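Asker: If it helps, the file is called structure-v7.cif and holds mmCIF, C-alpha atoms:
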data_upload
loop_
_atom_site.label_atom_id
_atom_site.label_comp_id
_atom_site.auth_asym_id
_atom_site.auth_seq_id
_atom_site.Cartn_x
_atom_site.Cartn_y
_atom_site.Cartn_z
CA MET A 560 185.52 -140.37 -102.85
CA GLN A 561 188.90 -140.85 -101.19
CA ARG A 562 188.22 -137.85 -98.92
CA SER A 563 184.90 -139.28 -97.73
CA ALA A 564 184.50 -140.37 -94.09
CA LEU A 565 183.30 -143.72 -95.46
CA TRP A 566 186.54 -144.35 -97.34
CA GLN A 567 188.15 -146.28 -94.46
CA SER A 568 185.20 -148.70 -94.48
CA ILE A 569 185.37 -149.41 -98.21
CA HIS A 570 186.96 -152.66 -99.34
CA ILE A 571 188.81 -152.25 -102.63
CA LEU A 572 188.69 -155.11 -105.14
CA ARG A 573 191.67 -154.93 -107.48
CA LEU A 574 191.62 -156.32 -111.02
CA THR A 575 195.16 -157.60 -111.43
CA GLN A 576 194.97 -159.63 -114.64
CA ASN A 577 194.64 -158.05 -118.09
CA MET A 578 192.93 -160.69 -120.23
CA TRP A 579 194.68 -159.45 -123.36
CA LEU A 580 198.00 -160.48 -121.80
CA ASN A 581 196.96 -164.12 -122.24
CA THR A 582 197.35 -163.86 -126.00
CA ALA A 583 200.37 -165.30 -127.74
CA ASP A 584 200.67 -162.22 -129.99
CA GLU A 585 203.56 -160.13 -128.70
CA HIS A 586 202.15 -156.94 -130.26
CA GLU A 587 198.82 -157.42 -128.48
CA CYS A 588 200.60 -157.84 -125.14
CA GLU A 589 202.60 -154.66 -125.74
CA PHE A 590 199.46 -152.79 -126.74
CA ALA A 591 197.62 -153.96 -123.61
CA GLN A 592 200.46 -152.69 -121.41
CA TRP A 593 200.59 -149.42 -123.38
CA GLN A 594 196.86 -148.95 -122.79
CA LEU A 595 197.35 -149.33 -119.04
CA ASP A 596 200.20 -146.82 -119.12
CA ILE A 597 198.04 -144.33 -121.03
CA GLY A 598 195.30 -144.70 -118.43
CA HIS A 599 197.83 -143.77 -115.74
CA GLY A 600 199.12 -140.74 -117.67
CA ARG A 601 202.47 -142.15 -118.76
CA HIS A 602 204.36 -141.57 -122.04
CA MET A 603 203.38 -137.86 -122.04
CA ASP A 604 205.54 -134.76 -122.24
CA GLU A 605 205.22 -131.79 -119.89
CA ASN A 606 202.35 -130.37 -122.00
CA GLY A 607 200.23 -133.52 -121.79
CA ASN A 608 200.99 -134.59 -125.38
CA LEU A 609 201.87 -138.10 -126.51
CA ILE A 610 203.18 -139.40 -129.81
CA LEU A 611 200.87 -141.80 -131.67
CA PRO A 612 202.54 -145.11 -132.60
CA ASP A 613 203.35 -145.52 -136.29
CA HIS A 614 200.94 -148.42 -136.76
CA PHE A 615 198.04 -146.10 -135.82
CA HIS A 616 198.64 -143.94 -138.89
CA CYS A 617 196.28 -144.01 -141.87
CA ARG A 618 197.75 -144.05 -145.35
CA GLU A 619 197.02 -140.31 -145.45
CA ASN A 620 196.26 -137.99 -142.55
CA THR A 621 192.79 -137.06 -143.89
CA ILE A 622 189.21 -137.83 -142.92
CA GLU A 623 188.65 -139.35 -146.37
CA SER A 624 191.49 -141.82 -145.76
CA LEU A 625 190.09 -142.70 -142.32
CA ILE A 626 186.62 -143.35 -143.74
CA GLU A 627 188.03 -145.51 -146.53
CA THR A 628 190.13 -147.50 -144.02
CA ILE A 629 187.37 -148.14 -141.47
CA TYR A 630 184.48 -148.52 -143.93
CA PRO A 631 185.97 -150.25 -146.98
CA GLY A 632 183.41 -150.82 -149.70
CA ILE A 633 180.94 -148.09 -148.77
CA ILE A 634 182.24 -145.71 -151.42
CA TYR A 635 181.81 -148.53 -153.97
CA HIS A 636 178.22 -149.13 -152.81
CA ILE A 637 178.86 -152.67 -151.63
CA PRO A 638 175.79 -153.59 -149.52
CA PRO A 639 177.02 -153.92 -145.90
CA THR A 640 175.71 -156.50 -143.44
CA ASP A 641 174.61 -156.08 -139.83
CA GLN A 642 177.92 -157.56 -138.68
CA TYR A 643 179.80 -155.06 -140.83
CA PHE A 644 178.29 -152.11 -138.98
CA ALA A 645 178.53 -153.81 -135.57
CA GLU A 646 182.29 -154.23 -136.05
CA HIS A 647 183.20 -150.83 -137.54
CA THR A 648 183.01 -147.32 -136.08
CA ILE A 649 184.77 -143.96 -136.01
CA LEU A 650 185.22 -142.07 -132.73
CA ALA A 651 185.73 -138.36 -132.08
CA SER A 652 185.51 -136.15 -129.03
CA ARG A 653 183.06 -133.49 -130.28
CA ASN A 654 179.46 -133.72 -131.46
CA ASP A 655 180.13 -131.32 -134.35
CA ASP A 656 182.85 -133.60 -135.72
CA ILE A 657 180.59 -136.64 -135.40
CA ASP A 658 177.73 -134.95 -137.24
CA SER A 659 180.08 -133.92 -140.06
CA ILE A 660 181.61 -137.40 -140.43
CA ASN A 661 178.19 -139.06 -140.38
CA MET A 662 176.94 -136.80 -143.18
CA ASP A 663 180.09 -137.38 -145.26
CA ILE A 664 179.57 -141.15 -145.10
CA LEU A 665 175.80 -140.91 -145.59
CA ARG A 666 176.32 -139.09 -148.90
CA GLN A 667 178.46 -142.03 -150.10
CA PHE A 668 176.03 -144.63 -148.79
CA PRO A 669 173.62 -145.96 -151.45
CA GLY A 670 169.97 -145.01 -151.35
CA GLU A 671 167.67 -142.00 -151.17
CA ILE A 672 168.05 -139.55 -148.29
CA LEU A 673 165.09 -139.49 -145.90
CA THR A 674 164.60 -136.20 -144.04
CA PHE A 675 162.73 -135.94 -140.74
CA LEU A 676 162.24 -132.45 -139.24
CA SER A 677 161.61 -131.87 -135.56
CA ALA A 678 158.69 -129.85 -134.12
CA ASP A 679 160.12 -127.46 -131.52
CA THR A 680 158.07 -125.49 -129.00
CA ILE A 681 158.53 -123.63 -125.73
CA LYS A 682 156.51 -125.08 -122.87
CA ASN A 683 154.05 -122.92 -120.90
CA ASN A 684 154.52 -120.04 -123.31
CA ASN A 685 150.92 -118.75 -123.18
CA GLY A 686 151.83 -115.20 -122.23
CA GLU A 687 149.13 -114.74 -119.61
CA GLY A 688 149.49 -111.29 -118.07
CA GLY A 689 152.06 -110.38 -120.68
CA GLN A 690 154.99 -111.46 -118.50
CA ASP A 691 155.98 -114.95 -119.63
CA VAL A 692 156.20 -114.68 -123.41
CA LEU A 693 159.61 -115.84 -124.67
CA MET A 694 160.24 -114.32 -128.05
CA TYR A 695 162.46 -117.03 -129.56
CA PRO A 696 161.94 -117.61 -133.28
CA VAL A 697 161.36 -121.18 -134.44
CA GLU A 698 164.61 -121.01 -136.42
CA TYR A 699 166.53 -120.49 -133.17
CA LEU A 700 164.78 -123.42 -131.48
CA ASN A 701 165.60 -125.60 -134.50
CA SER A 702 169.28 -124.68 -134.21
CA ILE A 703 169.68 -125.86 -130.60
CA ASN A 704 172.04 -128.84 -130.54
CA CYS A 705 172.57 -130.14 -126.99
CA SER A 706 174.36 -133.32 -126.03
CA GLY A 707 171.96 -136.25 -126.33
CA LEU A 708 169.44 -134.25 -128.35
CA PRO A 709 168.63 -135.53 -131.87
CA LEU A 710 169.20 -133.07 -134.71
CA HIS A 711 166.37 -130.88 -135.96
CA LYS A 712 167.05 -132.06 -139.50
CA LEU A 713 167.53 -135.81 -139.16
CA GLU A 714 168.78 -137.28 -142.45
CA LEU A 715 168.86 -141.06 -142.86
CA LYS A 716 168.88 -143.75 -145.51
CA LYS A 717 167.31 -147.17 -145.45
CA GLY A 718 169.95 -149.64 -144.30
CA CYS A 719 172.10 -147.07 -142.50
CA PRO A 720 173.30 -147.58 -138.88
CA ILE A 721 171.64 -145.57 -136.11
CA MET A 722 172.06 -145.18 -132.35
CA VAL A 723 169.20 -144.82 -129.86
CA LEU A 724 169.50 -141.78 -127.57
CA ARG A 725 166.85 -142.60 -124.97
CA ASN A 726 165.84 -145.53 -122.75
CA LEU A 727 162.60 -146.50 -124.50
CA ASN A 728 162.41 -150.21 -123.64
CA PRO A 729 165.55 -151.43 -121.82
CA GLU A 730 164.10 -154.93 -121.36
CA GLY A 731 163.69 -155.19 -125.13
CA GLY A 732 167.15 -153.80 -125.87
CA VAL A 733 165.97 -150.31 -126.87
CA CYS A 734 168.04 -148.14 -124.57
CA ASN A 735 170.50 -145.26 -124.67
CA GLY A 736 173.50 -146.39 -126.75
CA SER A 737 171.81 -149.30 -128.56
CA ARG A 738 172.85 -149.55 -132.22
CA GLY A 739 170.72 -150.81 -135.08
CA ILE A 740 169.91 -150.69 -138.79
CA LEU A 741 167.03 -148.64 -140.20
CA THR A 742 164.81 -151.10 -142.07
CA CYS A 743 161.56 -149.17 -142.64
CA HIS A 744 160.07 -145.74 -141.89
CA TRP A 745 156.80 -143.88 -141.46
CA ASN A 746 156.00 -140.33 -140.34
CA ARG A 747 155.70 -141.19 -136.64
CA VAL A 748 157.65 -144.43 -136.20
CA LEU A 749 160.82 -146.09 -137.47
CA GLU A 750 161.47 -149.81 -137.79
CA VAL A 751 164.96 -150.76 -136.64
CA ARG A 752 166.83 -154.08 -136.45
CA LEU A 753 169.22 -154.16 -133.49
CA ILE A 754 172.83 -155.16 -134.20
CA THR A 755 174.42 -155.12 -130.74
CA GLY A 756 173.74 -156.63 -127.34
CA GLN A 757 171.78 -159.74 -126.41
CA HIS A 758 168.84 -158.57 -128.53
CA ALA A 759 170.87 -158.35 -131.75
CA GLY A 760 168.71 -159.36 -134.70
CA SER A 761 165.44 -158.28 -133.04
CA THR A 762 163.16 -155.82 -134.82
CA VAL A 763 161.98 -152.87 -132.72
CA PHE A 764 160.00 -149.69 -133.34
CA ILE A 765 161.23 -146.21 -132.45
CA PRO A 766 158.44 -143.61 -132.00
CA ARG A 767 158.69 -139.86 -132.44
CA ILE A 768 158.68 -138.42 -128.93
CA GLY A 769 158.91 -135.09 -127.12
CA ILE A 770 162.32 -134.49 -125.50
CA THR A 771 163.01 -131.75 -122.94
CA PRO A 772 166.69 -130.89 -122.34
CA ALA A 773 167.92 -130.45 -118.77
CA GLU A 774 167.78 -126.98 -117.20
CA THR A 775 171.58 -126.90 -117.21
CA GLN A 776 171.56 -127.08 -121.01
CA ILE A 777 168.71 -124.66 -121.90
CA PRO A 778 167.53 -121.84 -119.56
CA PHE A 779 163.86 -122.32 -120.51
CA GLU A 780 161.44 -125.23 -120.91
CA PHE A 781 161.88 -126.42 -124.45
CA CYS A 782 160.21 -129.43 -126.11
CA HIS A 783 161.95 -131.05 -129.05
CA ARG A 784 159.70 -133.59 -130.80
CA GLN A 785 161.84 -135.89 -132.91
CA PHE A 786 162.93 -139.51 -133.30
CA PRO A 787 165.40 -140.13 -130.41
CA ILE A 788 168.16 -141.46 -132.65
CA GLN A 789 171.24 -140.29 -134.52
CA LEU A 790 173.27 -141.56 -137.44
CA CYS A 791 175.97 -143.93 -136.20
CA PHE A 792 178.68 -144.38 -138.78
CA ALA A 793 180.60 -142.39 -136.16
CA MET A 794 179.95 -141.71 -132.48
CA THR A 795 181.48 -139.68 -129.66
CA ILE A 796 184.06 -141.31 -127.43
CA ASN A 797 181.74 -140.87 -124.45
CA LYS A 798 178.94 -142.76 -126.25
CA SER A 799 181.30 -145.64 -127.06
CA GLN A 800 181.95 -146.55 -123.41
CA GLY A 801 181.16 -150.18 -122.71
CA GLN A 802 181.36 -151.25 -126.35
CA SER A 803 183.96 -153.47 -128.03
CA VAL A 804 184.45 -152.99 -131.77
CA ALA A 805 186.72 -154.87 -134.17
CA HIS A 806 187.68 -151.87 -136.35
CA VAL A 807 188.03 -148.41 -134.80
CA GLY A 808 189.05 -145.12 -136.36
CA LEU A 809 190.01 -142.12 -134.19
CA ASP A 810 189.44 -138.58 -135.42
CA LEU A 811 191.89 -136.58 -133.28
CA ARG A 812 191.94 -133.43 -135.41
CA ASN A 813 190.27 -131.79 -132.42
CA PRO A 814 191.97 -133.27 -129.33
CA ILE A 815 190.21 -134.92 -126.42
CA PHE A 816 189.34 -132.62 -123.51
CA THR A 817 188.31 -134.71 -120.47
CA HIS A 818 190.03 -137.06 -118.04
CA GLY A 819 190.53 -140.58 -119.38
CA GLN A 820 188.85 -139.89 -122.74
CA PHE A 821 191.81 -141.01 -124.84
CA TYR A 822 192.11 -144.24 -122.83
CA VAL A 823 188.43 -144.98 -123.45
CA ALA A 824 188.95 -144.43 -127.19
CA ILE A 825 191.93 -146.77 -127.58
CA SER A 826 190.38 -149.48 -125.40
CA ARG A 827 187.26 -149.92 -127.58
CA VAL A 828 189.13 -151.90 -130.23
CA THR A 829 189.71 -155.64 -129.86
CA SER A 830 193.08 -155.71 -131.64
CA VAL A 831 196.00 -153.31 -132.01
CA HIS A 832 196.12 -154.18 -135.72
CA ARG A 833 192.67 -152.66 -136.36
CA LEU A 834 193.04 -149.21 -134.82
CA LYS A 835 193.74 -146.20 -137.05
CA ALA A 836 193.87 -142.48 -136.29
CA ILE A 837 194.22 -139.06 -137.87
CA TRP A 838 195.44 -135.95 -136.07
CA ASP A 839 195.79 -132.19 -136.43
CA SER A 840 197.60 -131.68 -139.74
CA ARG A 841 199.10 -128.41 -138.45
CA LEU A 842 201.33 -130.40 -136.07
CA SER A 843 204.76 -131.43 -137.28
CA THR A 844 204.46 -134.87 -135.65
CA ALA A 845 201.61 -137.30 -134.98
CA THR A 846 200.75 -136.15 -131.47
CA THR A 847 197.56 -135.73 -129.47
CA LYS A 848 196.45 -134.76 -125.97
CA ASN A 849 195.98 -137.26 -123.16
CA ILE A 850 194.32 -135.65 -120.16
CA VAL A 851 194.79 -137.56 -116.92
CA TYR A 852 194.36 -136.27 -113.37
CA PRO A 853 196.59 -138.50 -111.19
CA GLU A 854 194.81 -137.42 -108.01
CA VAL A 855 191.66 -139.34 -109.02
CA ILE A 856 193.50 -142.58 -109.82
CA ILE A 857 193.46 -145.19 -107.06
CA ASP A 858 196.88 -146.86 -106.88
#
Now, as a test, write the supplied structure out as structure tokens.

Answerer:
Amino acid sequence: MQRSALWQSIHILRLTQNMWLNTADEHECEFAQWQLDIGHGRHMDENGNLILPDHFHCRENTIESLIETIYPGIIYHIPPTDQYFAEHTILASRNDDIDSINMDILRQFPGEILTFLSADTIKNNNGEGGQDVLMYPVEYLNSINCSGLPLHKLELKKGCPIMVLRNLNPEGGVCNGSRGILTCHWNRVLEVRLITGQHAGSTVFIPRIGITPAETQIPFEFCHRQFPIQLCFAMTINKSQGQSVAHVGLDLRNPIFTHGQFYVAISRVTSVHRLKAIWDSRLSTATTKNIVYPEVIID
């Protein structure tokens, strides 16, 4: 953008006041300044590593300890409320980690597991002339797990939190990133009560739809018919952008890998006192990566 011929004609509006700095809590002010420093790539060594503050540490550096800290009561089957799920989440950088954490918590969550399998097909695979037949077994199609694509085997429980993965009805609050609670289910539609945004408390219906990944993800036309949702005890850092959550857990066992991702993660929480993290246990100290490219930062 800065190399564009239009750059000289662009008027830059600078945000100079951090609203957190208005608080009387000295720790919150320090955390707000630390966040800004992280966003500018400060406090890192020559390898791009930074040391996590002591107050980020869980009681134990394990995923079980992180789950117990962020979701107290779930393992004791205390019925959570909508507000409980709206104010608690765990963030990680990779989809595989998110899927694993979600399943770990789902097993502890009370209720019977509901399983919804996708119907996967290859488009225009009629084989006319014997040239266009793609010999991919159904098992392979079921195993495809692209970003933004719901799992083939979608396991849920009534009362569990979910996230919508497609813009189905933005005016009604059913859009990519909306969070809700599963309240009822049928074979072709799910009933969900939204818990975030201006439509929080509204009941909406999520249909089973056909989803085609982008050509950059799959080199053939592939239709994945499934409910466009995922479990949302945990979500990726990228999916959390734009959301503010009271209690945030960071799974940093696999470090972040894109510019500004760590800053996004630490800026989701509304208080320094409610942010906890775990890291790679093979490291001798509590460190993680912070990837920042200074050339893209406008000073």

Asker: Return as a PDB file with C-alpha atoms, keeping the file's coordinate frame the set of residues that the PyMOL selection byres ((chain A and resi 815) around 6) yields on the displayed structure.

Answerer:
ATOM      1  CA  SER A 652     185.510-136.150-129.030  1.00  0.00           C
ATOM      2  CA  PRO A 814     191.970-133.270-129.330  1.00  0.00           C
ATOM      3  CA  PHE A 816     189.340-132.620-123.510  1.00  0.00           C
TER       4      PHE A 816
END

Asker: Please return as an NGL selection string every residue within 8 Å of (193.3, -150.9, -135.8), taking into account only C-alpha atoms and the file's own coordinates.

Answerer: :A and (615 or 805-808 or 828 or 830-835)

Asker: Point out the residue among A:Asn654, A:Ser843, A:Ser761, A:Ser563 with the least atom-to-atom distance to A:Leu710, counting only C-alpha atoms.

Answerer: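 Result for the nearest residue to A:Leu710: A:Asn654.
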
Asker: With distances taken over only C-alpha atoms, which of A:Val748, A:Ile740, A:Ile850, A:Ile856 is nearest to A:Asn606?

Answerer: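 Closest residue, counting only C-alpha atoms: A:Ile850.
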
Asker: Using only C-alpha atoms, determine which residues lie at most 12 Å from A:Ala773, disregarding the query and same-chain residues fewer than 2 positions distant; provide the list as a PyMOL selection string.

Answerer: chain A and resi 705-708+770-771+775-783

Asker: Could you turn the residues from that selection into a file that holds C-alpha atoms, as a tab-separated table (two decimals), in the frame of the given file?

Answerer:
chain	number	residue	atom	x	y	z
A	705	CYS	CA	172.57	-130.14	-126.99
A	706	SER	CA	174.36	-133.32	-126.03
A	707	GLY	CA	171.96	-136.25	-126.33
A	708	LEU	CA	169.44	-134.25	-128.35
A	770	ILE	CA	162.32	-134.49	-125.50
A	771	THR	CA	163.01	-131.75	-122.94
A	775	THR	CA	171.58	-126.90	-117.21
A	776	GLN	CA	171.56	-127.08	-121.01
A	777	ILE	CA	168.71	-124.66	-121.90
A	778	PRO	CA	167.53	-121.84	-119.56
A	779	PHE	CA	163.86	-122.32	-120.51
A	780	GLU	CA	161.44	-125.23	-120.91
A	781	PHE	CA	161.88	-126.42	-124.45
A	782	CYS	CA	160.21	-129.43	-126.11
A	783	HIS	CA	161.95	-131.05	-129.05

Asker: Is there a way to get, as a ChimeraX atom specification, all residues within 8 Å of the point (166.9, -129.2, -136.3) in file coordinates, counting only C-alpha atoms?

Answerer: /A:676-677,700-704,709-713

Asker: Export C-alpha atoms of the chosen residues as a PDB file, keeping the file's coordinate frame?

Answerer:
ATOM      1  CA  LEU A 676     162.240-132.450-139.240  1.00  0.00           C
ATOM      2  CA  SER A 677     161.610-131.870-135.560  1.00  0.00           C
ATOM      3  CA  LEU A 700     164.780-123.420-131.480  1.00  0.00           C
ATOM      4  CA  ASN A 701     165.600-125.600-134.500  1.00  0.00           C
ATOM      5  CA  SER A 702     169.280-124.680-134.210  1.00  0.00           C
ATOM      6  CA  ILE A 703     169.680-125.860-130.600  1.00  0.00           C
ATOM      7  CA  ASN A 704     172.040-128.840-130.540  1.00  0.00           C
ATOM      8  CA  PRO A 709     168.630-135.530-131.870  1.00  0.00           C
ATOM      9  CA  LEU A 710     169.200-133.070-134.710  1.00  0.00           C
ATOM     10  CA  HIS A 711     166.370-130.880-135.960  1.00  0.00           C
ATOM     11  CA  LYS A 712     167.050-132.060-139.500  1.00  0.00           C
ATOM     12  CA  LEU A 713     167.530-135.810-139.160  1.00  0.00           C
TER      13      LEU A 713
END

Asker: Need to verify the contact set: A:Thr795, 9 Å, only C-alpha atoms, exclusion of same-chain residues closer than 5 positions in sequence. Can you return it as a ChimeraX atom specification?

Answerer: /A:649-654,656-657

Asker: Taking the file above as input, evaluate the PyMOL selection byres ((chain A and resi 855) around 12) and report the hits as a ChimeraX atom specification.

Answerer: /A:560-562,598-600,818-819,851-854,856-858

Asker: Using only C-alpha atoms for the distances, tell me which of A:Ala836, A:Ile569, A:Ile664, A:Met722 is nearest to A:Asp810.

Answerer: A:Ala836
